[in-house]
$ cat final_13.json   # JSON, C-alpha atoms
[["chain", "number", "residue", "atom", "x", "y", "z"],
["K", 3, "MET", "CA", 0.00, 0.00, 0.00],
["K", 4, "GLU", "CA", 2.77, 2.44, 0.93],
["K", 5, "ASP", "CA", 4.52, 1.83, -2.43],
["K", 6, "GLU", "CA", 1.28, 2.62, -4.26],
["K", 7, "GLU", "CA", 0.93, 5.93, -2.39],
["K", 8, "GLN", "CA", 4.52, 6.90, -3.24],
["K", 9, "LEU", "CA", 3.98, 6.02, -6.90],
["K", 10, "ASP", "CA", 0.81, 8.10, -6.94],
["K", 11, "LEU", "CA", 2.63, 11.07, -5.39],
["K", 12, "ALA", "CA", 5.54, 10.68, -7.81],
["K", 13, "SER", "CA", 3.19, 10.57, -10.80],
["K", 14, "ARG", "CA", 1.71, 13.92, -9.76],
["K", 15, "LEU", "CA", 5.12, 15.60, -9.51],
["K", 16, "THR", "CA", 5.99, 16.91, -12.92],
["K", 17, "GLN", "CA", 9.20, 18.58, -14.03],
["K", 18, "ASP", "CA", 7.40, 21.90, -13.55],
["K", 19, "HIS", "CA", 6.69, 21.01, -9.91],
["K", 20, "HIS", "CA", 10.37, 20.27, -9.41],
["K", 21, "GLN", "CA", 11.39, 23.52, -11.10],
["K", 22, "SER", "CA", 8.86, 25.48, -9.07],
["K", 23, "LEU", "CA", 10.23, 24.03, -5.85],
["K", 24, "LYS", "CA", 13.81, 24.72, -6.95],
["K", 25, "LEU", "CA", 12.91, 28.31, -7.86],
["K", 26, "TRP", "CA", 11.19, 28.92, -4.54],
["K", 27, "LEU", "CA", 14.12, 27.46, -2.58],
["K", 28, "ARG", "CA", 16.64, 29.50, -4.60],
["K", 29, "MET", "CA", 14.71, 32.74, -4.03],
["K", 30, "LEU", "CA", 14.37, 31.92, -0.32],
["K", 31, "SER", "CA", 18.08, 31.11, -0.04],
["K", 32, "CYS", "CA", 19.10, 34.41, -1.65],
["K", 33, "THR", "CA", 16.66, 36.37, 0.50],
["K", 34, "VAL", "CA", 17.87, 34.75, 3.73],
["K", 35, "LYS", "CA", 21.54, 35.33, 2.87],
["K", 36, "ILE", "CA", 20.97, 39.01, 2.10],
["K", 37, "GLU", "CA", 18.66, 39.50, 5.08],
["K", 38, "ASN", "CA", 21.11, 37.90, 7.52],
["K", 39, "GLU", "CA", 23.96, 40.09, 6.26],
["K", 40, "ILE", "CA", 21.82, 43.24, 6.51],
["K", 41, "ARG", "CA", 20.67, 42.29, 10.03],
["K", 42, "SER", "CA", 24.28, 41.85, 11.10],
["K", 43, "ARG", "CA", 25.45, 45.12, 9.54],
["K", 44, "LEU", "CA", 22.54, 47.14, 10.95],
["K", 45, "ARG", "CA", 23.27, 45.85, 14.43],
["K", 46, "ALA", "CA", 27.04, 46.38, 14.18],
["K", 47, "THR", "CA", 26.92, 49.78, 12.49],
["K", 48, "PHE", "CA", 23.83, 51.42, 13.99],
["K", 49, "GLY", "CA", 22.85, 49.26, 16.97],
["K", 50, "ILE", "CA", 19.40, 48.70, 15.45],
["K", 51, "THR", "CA", 17.43, 45.60, 14.52],
["K", 52, "LEU", "CA", 16.00, 44.95, 11.07],
["K", 53, "PRO", "CA", 12.37, 45.13, 12.34],
["K", 54, "ARG", "CA", 13.06, 48.56, 13.87],
["K", 55, "PHE", "CA", 14.67, 49.72, 10.62],
["K", 56, "ASP", "CA", 11.70, 48.36, 8.65],
["K", 57, "LEU", "CA", 9.19, 50.17, 10.87],
["K", 58, "MET", "CA", 11.10, 53.43, 10.43],
["K", 59, "ALA", "CA", 11.14, 52.82, 6.65],
["K", 60, "GLN", "CA", 7.35, 52.48, 6.64],
["K", 61, "LEU", "CA", 7.00, 55.73, 8.58],
["K", 62, "GLU", "CA", 9.46, 57.52, 6.32],
["K", 63, "ARG", "CA", 7.22, 56.66, 3.35],
["K", 64, "HIS", "CA", 4.17, 58.00, 5.27],
["K", 65, "PRO", "CA", 5.16, 61.27, 6.99],
["K", 66, "GLN", "CA", 1.56, 61.81, 8.11],
["K", 67, "GLY", "CA", 1.99, 58.69, 10.28],
["K", 68, "LEU", "CA", 0.45, 55.25, 10.32],
["K", 69, "ARG", "CA", -1.86, 53.59, 12.79],
["K", 70, "MET", "CA", -0.51, 50.59, 14.67],
["K", 71, "GLY", "CA", -2.84, 48.21, 12.81],
["K", 72, "GLU", "CA", -1.68, 49.54, 9.47],
["K", 73, "LEU", "CA", 1.97, 49.11, 10.48],
["K", 74, "SER", "CA", 1.20, 45.55, 11.56],
["K", 75, "LYS", "CA", -0.44, 44.77, 8.21],
["K", 76, "ARG", "CA", 2.33, 46.40, 6.15],
["K", 77, "MET", "CA", 5.10, 44.64, 8.07],
["K", 78, "MET", "CA", 3.20, 41.35, 8.28],
["K", 79, "VAL", "CA", 3.77, 40.97, 12.03],
["K", 80, "THR", "CA", 1.47, 40.94, 15.05],
["K", 81, "GLY", "CA", 0.21, 44.06, 16.74],
["K", 82, "GLY", "CA", 2.16, 43.06, 19.85],
["K", 83, "ASN", "CA", 5.40, 43.09, 17.88],
["K", 84, "ILE", "CA", 4.59, 46.54, 16.50],
["K", 85, "THR", "CA", 3.84, 47.82, 20.00],
["K", 86, "GLY", "CA", 7.15, 46.52, 21.33],
["K", 87, "ILE", "CA", 9.17, 47.99, 18.45],
["K", 88, "THR", "CA", 7.31, 51.31, 18.73],
["K", 89, "ASP", "CA", 7.93, 51.43, 22.50],
["K", 90, "GLN", "CA", 11.69, 51.01, 21.93],
["K", 91, "LEU", "CA", 11.83, 53.64, 19.19],
["K", 92, "GLU", "CA", 9.72, 56.03, 21.27],
["K", 93, "GLN", "CA", 12.10, 55.67, 24.23],
["K", 94, "GLU", "CA", 14.94, 56.63, 21.90],
["K", 95, "LYS", "CA", 12.93, 59.67, 20.72],
["K", 96, "LEU", "CA", 12.91, 58.39, 17.11],
["K", 97, "VAL", "CA", 9.10, 58.06, 16.86],
["K", 98, "VAL", "CA", 6.14, 59.61, 18.60],
["K", 99, "ARG", "CA", 2.58, 58.41, 19.09],
["K", 100, "VAL", "CA", -0.06, 61.01, 18.28],
["K", 101, "PRO", "CA", -3.82, 60.70, 18.83],
["K", 102, "ASP", "CA", -5.69, 59.96, 15.62],
["K", 103, "PRO", "CA", -7.92, 63.01, 14.91],
["K", 104, "LYS", "CA", -10.58, 60.74, 13.35],
["K", 105, "ASP", "CA", -10.67, 58.26, 16.24],
["K", 106, "GLY", "CA", -9.79, 59.41, 19.76],
["K", 107, "ARG", "CA", -9.12, 55.82, 20.86],
["K", 108, "ALA", "CA", -6.47, 55.22, 18.20],
["K", 109, "TYR", "CA", -2.94, 56.49, 17.74],
["K", 110, "SER", "CA", -0.77, 57.10, 14.75],
["K", 111, "VAL", "CA", 2.99, 56.70, 14.87],
["K", 112, "LYS", "CA", 5.26, 59.27, 13.22],
["K", 113, "LEU", "CA", 8.99, 59.73, 12.91],
["K", 114, "THR", "CA", 10.37, 62.59, 14.97],
["K", 115, "ALA", "CA", 12.87, 65.02, 13.43],
["K", 116, "ALA", "CA", 15.64, 62.96, 15.06],
["K", 117, "GLY", "CA", 14.04, 59.79, 13.66],
["K", 118, "ARG", "CA", 13.94, 61.23, 10.13],
["K", 119, "LYS", "CA", 17.59, 62.25, 10.37],
["K", 120, "ALA", "CA", 18.72, 58.90, 11.80],
["K", 121, "PHE", "CA", 16.72, 56.98, 9.22],
["K", 122, "ALA", "CA", 18.08, 59.04, 6.32],
["K", 123, "THR", "CA", 21.62, 58.16, 7.40],
["K", 124, "MET", "CA", 20.80, 54.46, 7.85],
["K", 125, "ALA", "CA", 18.86, 54.24, 4.58],
["K", 126, "ALA", "CA", 21.75, 55.67, 2.55],
["K", 127, "VAL", "CA", 24.20, 53.19, 4.07],
["K", 128, "HIS", "CA", 21.67, 50.34, 3.70],
["K", 129, "GLU", "CA", 21.25, 51.11, -0.01],
["K", 130, "GLY", "CA", 25.03, 50.96, -0.42],
["K", 131, "TRP", "CA", 25.12, 47.57, 1.27],
["K", 132, "ILE", "CA", 22.44, 46.20, -1.05],
["K", 133, "GLU", "CA", 24.33, 47.54, -4.05],
["K", 134, "GLU", "CA", 27.50, 45.90, -2.75],
["K", 135, "LEU", "CA", 25.80, 42.55, -2.13],
["K", 136, "LEU", "CA", 24.27, 42.51, -5.62],
["K", 137, "ARG", "CA", 27.22, 43.99, -7.53],
["K", 138, "GLY", "CA", 27.87, 40.67, -9.25],
["K", 139, "VAL", "CA", 24.52, 40.86, -11.05],
["K", 140, "SER", "CA", 24.57, 42.96, -14.21],
["K", 141, "GLY", "CA", 22.15, 45.83, -14.73],
["K", 142, "ALA", "CA", 20.45, 43.94, -17.56],
["K", 143, "ASP", "CA", 20.03, 40.84, -15.37],
["K", 144, "LYS", "CA", 18.65, 42.96, -12.51],
["K", 145, "ALA", "CA", 16.12, 44.52, -14.90],
["K", 146, "GLN", "CA", 15.11, 41.10, -16.21],
["K", 147, "LEU", "CA", 14.79, 39.65, -12.70],
["K", 148, "ILE", "CA", 12.67, 42.61, -11.58],
["K", 149, "GLU", "CA", 10.38, 42.16, -14.58],
["K", 150, "MET", "CA", 10.04, 38.41, -14.06],
["K", 151, "LEU", "CA", 9.47, 38.66, -10.31],
["K", 152, "SER", "CA", 6.93, 41.46, -10.84],
["K", 153, "ALA", "CA", 4.99, 39.18, -13.20],
["K", 154, "MET", "CA", 5.20, 36.37, -10.63],
["K", 155, "LYS", "CA", 3.91, 38.68, -7.89],
["K", 156, "LEU", "CA", 0.96, 39.76, -10.05],
["K", 157, "GLN", "CA", 0.09, 36.13, -10.70],
["K", 158, "LEU", "CA", 0.36, 35.28, -6.99],
["K", 159, "ASP", "CA", -1.78, 38.29, -6.07],
["K", 160, "ARG", "CA", -4.49, 37.10, -8.50],
["K", 161, "GLU", "CA", -4.46, 33.60, -6.98],
["K", 162, "ALA", "CA", -4.51, 34.78, -3.36],
["K", 163, "PRO", "CA", -7.71, 33.93, -1.48]]

$ encode --input "final_13.json" --output "structure tokens"
Amino acid sequence: MEDEEQLDLASRLTQDHHQSLKLWLRMLSCTVKIENEIRSRLRATFGITLPRFDLMAQLERHPQGLRMGELSKRMMVTGGNITGITDQLEQEKLVVRVPDPKDGRAYSVKLTAAGRKAFATMAAVHEGWIEELLRGVSGADKAQLIEMLSAMKLQLDREAP
């Protein structure tokens, strides 16, 4: 019986399945390598974690501020994580919570002037690190990869429940 189940599973796995799995694992491997290096450099150079940097990046893109729930959704982490990160950044005077004018029970989080300045410095260095890590990939290959991955993302977005 077990041999029959394995044969059935094997018959369903086509070359495309194998390629899809290989592609996913290769993308994941590259992402993890880059992410681990960036985490290490952010900590060593600026004494900041990647999640704190990412939260500041979200706020830099939205100077009017973002509500905690929106930050949670954008960063794909729990509200508790966002609260903890925000608490740390607020203690360092890099962000501030302000009451939401549309809902007195809610707060938006904004970068302070010091937060904007600190983030600008970190973002410039971060961009240089990414450029350094990907310097072995030609401009044409980067453009092609961006185009292909954009098409993949569109397809995945269409199939999402």

$ closest_atom_pairs --input "final_13.json" --of "range 17-121 of chain K" --to "range 143-159 of chain K" --cutoff "12 Å" --atoms "only C-alpha atoms" --output "JSON lines"
{"residue": "K:Ser22", "atom": "CA", "partner": "K:Met154", "partner_atom": "CA", "distance": 11.6}
{"residue": "K:Leu25", "atom": "CA", "partner": "K:Leu151", "partner_atom": "CA", "distance": 11.2}
{"residue": "K:Trp26", "atom": "CA", "partner": "K:Met154", "partner_atom": "CA", "distance": 11.3}
{"residue": "K:Met29", "atom": "CA", "partner": "K:Leu151", "partner_atom": "CA", "distance": 10.1}

$ write_last_selection --input "final_13.json" --atoms "C-alpha atoms" --output "PDB file, keeping the file's coordinate frame"
ATOM      1  CA  SER K  22       8.860  25.480  -9.070  1.00  0.00           C
ATOM      2  CA  LEU K  25      12.910  28.310  -7.860  1.00  0.00           C
ATOM      3  CA  TRP K  26      11.190  28.920  -4.540  1.00  0.00           C
ATOM      4  CA  MET K  29      14.710  32.740  -4.030  1.00  0.00           C
TER       5      MET K  29
END

$ closest_residue --input "final_13.json" --among "K:Ser140, K:Thr88, K:Asn38, K:Thr123" --to "Leu68 in chain K" --atoms "all atoms listed in the file"
K:Thr88

$ atom_distance --input "final_13.json" --atom1 "CA of Lys112 in chain K" --atom2 "CA of Ser42 in chain K"
25.9 Å

$ closest_residue --input "final_13.json" --among "K:Gln21, K:Gln93, K:Ser74, K:Thr114" --to "Asp56 in chain K" --atoms "only C-alpha atoms"
K:Ser74

$ closest_residue --input "final_13.json" --among "K:Asp102, K:Asp89, K:Glu94, K:Glu37" --to "Gln66 in chain K" --atoms "only C-alpha atoms"
K:Asp102

$ atom_distance --input "final_13.json" --atom1 "CA of Cys32 in chain K" --atom2 "CA of Ala46 in chain K"
21.4 Å

$ atom_distance --input "final_13.json" --atom1 "CA of Leu91 in chain K" --atom2 "CA of Arg107 in chain K"
21.1 Å

$ residues_around --input "final_13.json" --residues "Ile36 in chain K" --least-positions-apart "4" --cutoff "9 Å" --atoms "only C-alpha atoms" --output "PyMOL selection string"
chain K and resi 31-32+40-41+132+135
